[in-house]
Structures are given as structure tokens and as C-alpha cells.
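Here the structure comes first, spelled out in C-alpha cells, and everything after it is commentary.
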Amino acid sequence: MQTPEPGRLFEEAGAAVAELARLYDGSVGFLRERFDAVLGSGDTTHRYRAFYPEVSIQTMGHARVDSRLSFGFVPGPGHYATTITRPDLFGSYLREQFEQLLRNHGRPIHVGPSKTPIPLHFALPEGSHVDGARAERLDKPLRDVFDVPDLAATDDRIVNGNFEPQPGEAMPLAPFTAQRVDYSLLRLTHYTATSPRHFQNFVLFTNYQFYVDEFCILARQMMSEGGRGYESFVEPGNVVTRSGAQAPESGVAPPRLPQMPAYHLTKPDGSGITMVNIGVGPSNAKTITDHVAVLRPHAWLMLGHCAGLRNTQALGDYVLAHAYVREDHVLDADLPVWVPIPPLAEVQVALEKAVADVTGLSGYDLKRIMRTGTVATIDNRNWELRDQKEPVERLSKSRAIALDMESATIAANGYRFRVPYGTLLCVSDKPLHGELKLPGMATEFYKRQVAQHLEIGMRTMESLAEMPHETLHSRKLRSFFETAFQ
């Protein structure tokens, strides 16, 4: 077992982050060395264990913080702590959280080893390949020699509001534990075929490859012209094209695309844009947002197609969601359907302005092509094949103007994870009115509309990126008792 070190107090955020990095690197280095030794020698007579670092703060009273803030402070006096992983990836984020805590509470931050073991799977370098034949020759299962992931430590009790500390246990300082973060980092690599380090703080989700194709064309053109403020373009396989370059300089494209490929227009400070093709359905929408959430992005938006439910809508019209009917069911156990998902003013205004800027329309004229209203999300793609009387009646009572399979899930998970969210859809068919896309119509529709829709989404994200983080992160998303970390 790794020998634990005594903790230290810090009054400077950068020094605290550096200490976390030192402790973390020492722990994973210890596990990697022992793992290589065990595979080489076959000796399984010892058990090896190392621990995540932990950061904590002890507050003595009720601080009078700026009431406009939505994060950066604890709700009351007491002991608050969280385990930390990958300081190399989260260094800037951690520094910002620490600075807020130090400023709002005037108390030092304690950094030291935790009592939570690091599973071997999470200690290996990103992209590691373990020789299965060597591991199979061991006379004991790996779990008898090293710690393995513990599902009891990777749940969402904190963000779901179900966390109840045991006697003497600290209150949570962050929305996710280190093991929960590590689990999602591995899942992100698996689902998107890109490293988590490439993900940006502003994420576009889409349910159509057409949008990704357009994004790639635009991104490559931007790189060839010097980047237009972006540093690089990253594709699946961590294929990186730098600004000013005509072709990628590193990475290998995978032989086939992953389930939810991700593409990244990066900036040095992470304020660029990531686009993910999540495919169709609420299950995919929940899966990807469950994992992207641990990166603590500043906003995510859904750009996709929908069924227009009103006769006054035309193909190509936009729908700006300000409410959701949740019939996706994948989040019912985590976020009951009676919980309202409110529109966020900062995101709504940015989306509407972007539509106006790109289309050249404003005021009353903008209503010709964009309608603000309720979006219904369902889990049955072929709902039209049922007796339509009952679902149509419910949609009418809800005042829904559009129907899709992902938007409410993405918005609800944004609400659950305290990530600002928004939805701008494009009407691609009107099944209640007999307007289904014919092959030729569909091709022309996609050529005309996708580029404009994508430009609107990207302008929205660039506008949100210019806002101070404290302004963008809405107090609407915070419950009675919140973690201090954003």
C-alpha cells in the first residue's frame, strides 16, 4: 500500500492545484509501476493500493456572499470535501473553483490523500493496451491484487439530491466524485473516439450526420484560412489539424465511426465548440450527456430536426423551445416528470439573436420563420402508426408546437447536472398534415437549411462564450443545498 502523506493548507489556488497534481501523479505512478511488475513477475502475493487526492474546506459561519452567484460557496458552516482526479485535465476548472472559495469564505483549502482507492482501470494512461494473455497467466484475479471500479462510488446521488452523509462524513464539495468522473472519461473516449482533453466548454448535439458533415467542411476551411480564432480542429481518432494547416498533423482515423462521434473546434482556454452526433433517441441523449457533464461545460445546445405540429409551420421553420413535454422516460427515476425544466434567459436571448443575425429578420418578421413554444420529446419513433386520437389530444393540450426524440432529455439532463441548456430545432416534416419528406425534397431541404441552422448554433455558442461564467450559470439550476463547485 502506498504510504499516505499528511495534508497541507493552502491560501493560493494555483499552489493547491499543483499539490493535487503531485499527489495524483504519485498515486497513479505507484499503481502503474506495481502493475507492470506483477505482469512481469507473475507475483500475486501482495495487494497494492493508492488513493485519490482530496480537497476540503472547513467553514465556521454563514458567509455573506454575492447573491448573484450560482456557485463558488458552500450553503452553511461545516466540513466539505471531494476527491479529485486528472488535475492535468481539470487544472483551470479547479483553479477557478478554489479562487471562488477562497474569496467567498476567506478560509484555507486543505489538500491531502483521501480514503478512496484509485481503481487500477482508472490509473492506466489514456489509450493503454493491456496484454490479455499476460494478465490471464496470473494465478489470481486482478481484483485480488488491485482495486477495481466500485459502482457504489460512481452514482449520481449528489447531483440528484439523494446524498446523505454518514456520521462524521464530510458534505460534498463537488457534484461528482473522482471515480464517477473517471468512469465517464473512459466512456467518452469509447463513445466519441476522441480524448476528453479535446472537449470544449460549449457543446452542440445533433441527431443528423448532415450537420456534422457541414461542421467538418466549415472547420477545415477555417483551419486552412488561419483558424479564425480557433487553434485546431479535432476529429475521431484524435486527428488534429492545426490552424493554418491544410491537412492533419497527428492522429489516426478509426476504421469505422464510433457510436457518437465528436468533433472539436478548439481554443487554448477551452472556449471553443464541440459537436457530437448523438444519433436518434432519448437513450443516446441521456448516455452522452451523463458523461459530458463531468467535464463541467458552460452550455450545451440541441440542434436537430423535428416534426412540426401546427398547420401554420412550413418545412425549414425554426422552433425555439421554451418548455418541454417529457415522454422520453429515460430520466424518470432521476428527475420526476413533475419537475419543470425552465427556459434560461441568457441562452434563449442568444439563440433568438443568432437567428435574427443569420436570417436578416427581426421583430415581427422573425415570427415568419421561428416559433417559440413547447417541444414534446417521445421514445416511440413510430408514434404515427398508433391510433392518433389520444397522443394528438395530449399534444394539443400541452400546446406543443414540435415533436422530437432528444431535446427534452438533453434539457432535463442539463437541468439535473446544472449545465445551461437550450434547443433550436428545424421543422423537417409535418406528419399530422400529410407533409412527409420525399427523397428529392429531402435532399434539397438539407442543402438549403443545414448550413444556416449550424451557423446559428455556432454564433449562439460564440456569443455565450463571451459572457462571464458567473452570468451564464443560472441560479435557476441550483437547489436548496448545492455543492460549491460549478
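The way I read the labels, and the way they are meant: chains A, B, ... in the order of the C-alpha cells, residue 1 as the first residue of every chain, and ligand 1 as the first ligand shown, with later ones counted on from there.
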Item to check | Leu120 (chain A) surroundings by only C-alpha atoms, 12 Å radius, close-in-sequence under 5 positions cut, as a VMD selection string | outcome: chain A and resid 27 to 36 47 to 52 125 128 130 142 to 150 179 182 to 183
I need the residues in region 118-339 of chain A that are strand (DSSP E or B) according to DSSP; give them as a ChimeraX atom specification.
/A:171-172,202-206,232-235,239-242,250,262-266,273-277,299-308,318-327
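If you look at CA of Gly168 (chain A) and CA of Met1 (chain A), they are 24.5 Å away from each other.
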- For Leu454 (chain A), list every protein, DNA or RNA residue within 7 Å, evaluated using only C-alpha atoms, and leave out those in the same chain fewer than 4 positions away; present the list as a VMD selection string. chain A and resid 211 450 458
Can those selected residues be exported to a file as an mmCIF file, in the first residue's frame so that it contains C-alpha atoms?
data_model
loop_
_atom_site.group_PDB
_atom_site.id
_atom_site.type_symbol
_atom_site.label_atom_id
_atom_site.label_comp_id
_atom_site.auth_asym_id
_atom_site.auth_seq_id
_atom_site.Cartn_x
_atom_site.Cartn_y
_atom_site.Cartn_z
ATOM 1 C CA TYR A 211 -24.818 18.742 -39.524
ATOM 2 C CA VAL A 450 -28.429 22.667 -42.560
ATOM 3 C CA MET A 458 -22.203 28.287 -33.693
#
**OP:** Would you kindly return, as a ChimeraX atom specification, each protein, DNA or RNA residue with an atom no farther than 6 Å from any atom of Pro108 (chain A), considering only C-alpha atoms and excluding same-chain residues fewer than 2 positions away?
**Re:** /A:9-11
| field | Long-range neighbours of His264 (chain A) as JSON, numbers by chain, 8 Å cut-off, only C-alpha atoms, 5 positions minimum in chain | value | {"A": [198, 199, 200, 232, 233, 234, 235, 272, 273, 274, 275]}
Would you output that residue set with N, CA, C and O atoms, as an mmCIF file, in the first residue's frame?
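Once everything was written out, this is selection-v7.cif:
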data_model
loop_
_atom_site.group_PDB
_atom_site.id
_atom_site.type_symbol
_atom_site.label_atom_id
_atom_site.label_comp_id
_atom_site.auth_asym_id
_atom_site.auth_seq_id
_atom_site.Cartn_x
_atom_site.Cartn_y
_atom_site.Cartn_z
ATOM 1 N N HIS A 198 -9.892 17.039 -25.543
ATOM 2 C CA HIS A 198 -10.254 17.871 -26.690
ATOM 3 C C HIS A 198 -11.630 18.514 -26.552
ATOM 4 O O HIS A 198 -11.956 19.432 -27.310
ATOM 5 N N PHE A 199 -12.452 18.030 -25.627
ATOM 6 C CA PHE A 199 -13.795 18.582 -25.484
ATOM 7 C C PHE A 199 -13.723 20.037 -25.050
ATOM 8 O O PHE A 199 -12.940 20.413 -24.191
ATOM 9 N N GLN A 200 -14.599 20.835 -25.643
ATOM 10 C CA GLN A 200 -14.665 22.258 -25.345
ATOM 11 C C GLN A 200 -15.837 22.543 -24.406
ATOM 12 O O GLN A 200 -16.690 21.692 -24.168
ATOM 13 N N SER A 232 -7.341 24.611 -33.322
ATOM 14 C CA SER A 232 -7.236 23.353 -34.047
ATOM 15 C C SER A 232 -8.619 22.775 -34.285
ATOM 16 O O SER A 232 -9.606 23.187 -33.666
ATOM 17 N N PHE A 233 -8.659 21.794 -35.181
ATOM 18 C CA PHE A 233 -9.865 21.014 -35.430
ATOM 19 C C PHE A 233 -9.515 19.558 -35.181
ATOM 20 O O PHE A 233 -8.555 19.030 -35.746
ATOM 21 N N VAL A 234 -10.288 18.907 -34.304
ATOM 22 C CA VAL A 234 -10.002 17.532 -33.900
ATOM 23 C C VAL A 234 -11.160 16.631 -34.306
ATOM 24 O O VAL A 234 -12.324 16.921 -34.001
ATOM 25 N N GLU A 235 -10.832 15.521 -34.972
ATOM 26 C CA GLU A 235 -11.830 14.560 -35.440
ATOM 27 C C GLU A 235 -11.620 13.216 -34.746
ATOM 28 O O GLU A 235 -10.604 13.003 -34.071
ATOM 29 N N GLY A 272 -13.867 26.859 -27.091
ATOM 30 C CA GLY A 272 -14.273 26.520 -28.445
ATOM 31 C C GLY A 272 -15.582 25.745 -28.467
ATOM 32 O O GLY A 272 -16.350 25.741 -27.507
ATOM 33 N N ILE A 273 -15.828 25.063 -29.595
ATOM 34 C CA ILE A 273 -17.101 24.379 -29.809
ATOM 35 C C ILE A 273 -16.857 22.901 -30.104
ATOM 36 O O ILE A 273 -16.037 22.557 -30.958
ATOM 37 N N THR A 274 -17.562 22.049 -29.404
ATOM 38 C CA THR A 274 -17.590 20.610 -29.673
ATOM 39 C C THR A 274 -18.933 20.255 -30.280
ATOM 40 O O THR A 274 -19.964 20.755 -29.834
ATOM 41 N N MET A 275 -18.922 19.406 -31.308
ATOM 42 C CA MET A 275 -20.176 18.908 -31.893
ATOM 43 C C MET A 275 -20.195 17.398 -31.816
ATOM 44 O O MET A 275 -19.208 16.737 -32.173
#
Within 9 Å of Gly78 (chain A), counting only C-alpha atoms, which residues show up once you throw out same-chain ones fewer than 5 positions away? Write them as a list of chain:residue names, please. A:Ile57, A:Gln58, A:Thr59, A:Met60, A:Gly61, A:Ala170, A:Met171
For Ala16 (chain A), work out the shell of residues within 10 Å, counting only C-alpha atoms and skipping chain neighbours fewer than 4 positions away, then give it as number ranges by chain. A: 8-12, 20-22, 55, 94-95, 98, 108-112
Write the residues you've just listed into a file as a PDB file, in the first residue's frame, and include C-alpha atoms for each of them.
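See part17.pdb below for the written result:
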ATOM      1  CA  ARG A   8      -1.478  20.722   3.844  1.00  0.00           C
ATOM      2  CA  LEU A   9      -3.372  24.004   3.979  1.00  0.00           C
ATOM      3  CA  PHE A  10      -3.306  26.445   1.047  1.00  0.00           C
ATOM      4  CA  GLU A  11      -4.397  30.032   0.652  1.00  0.00           C
ATOM      5  CA  GLU A  12      -3.420  30.283  -3.006  1.00  0.00           C
ATOM      6  CA  LEU A  20      -3.243  17.886  -6.110  1.00  0.00           C
ATOM      7  CA  ALA A  21      -1.317  17.122  -9.293  1.00  0.00           C
ATOM      8  CA  ARG A  22       1.707  15.960  -7.303  1.00  0.00           C
ATOM      9  CA  VAL A  55      -9.602  18.769  -1.289  1.00  0.00           C
ATOM     10  CA  LEU A  94     -10.124  23.593 -10.235  1.00  0.00           C
ATOM     11  CA  ARG A  95      -8.204  26.845 -10.014  1.00  0.00           C
ATOM     12  CA  PHE A  98     -10.632  27.340  -5.475  1.00  0.00           C
ATOM     13  CA  PRO A 108      -7.681  27.988   3.598  1.00  0.00           C
ATOM     14  CA  ILE A 109      -8.144  24.910   1.426  1.00  0.00           C
ATOM     15  CA  HIS A 110      -6.870  21.575   2.724  1.00  0.00           C
ATOM     16  CA  VAL A 111      -5.244  19.184   0.238  1.00  0.00           C
ATOM     17  CA  GLY A 112      -4.164  15.649   1.092  1.00  0.00           C
TER      18      GLY A 112
END
CA of Leu301 (chain A) sits from CA of Tyr230 (chain A) at a separation of 19.6 Å
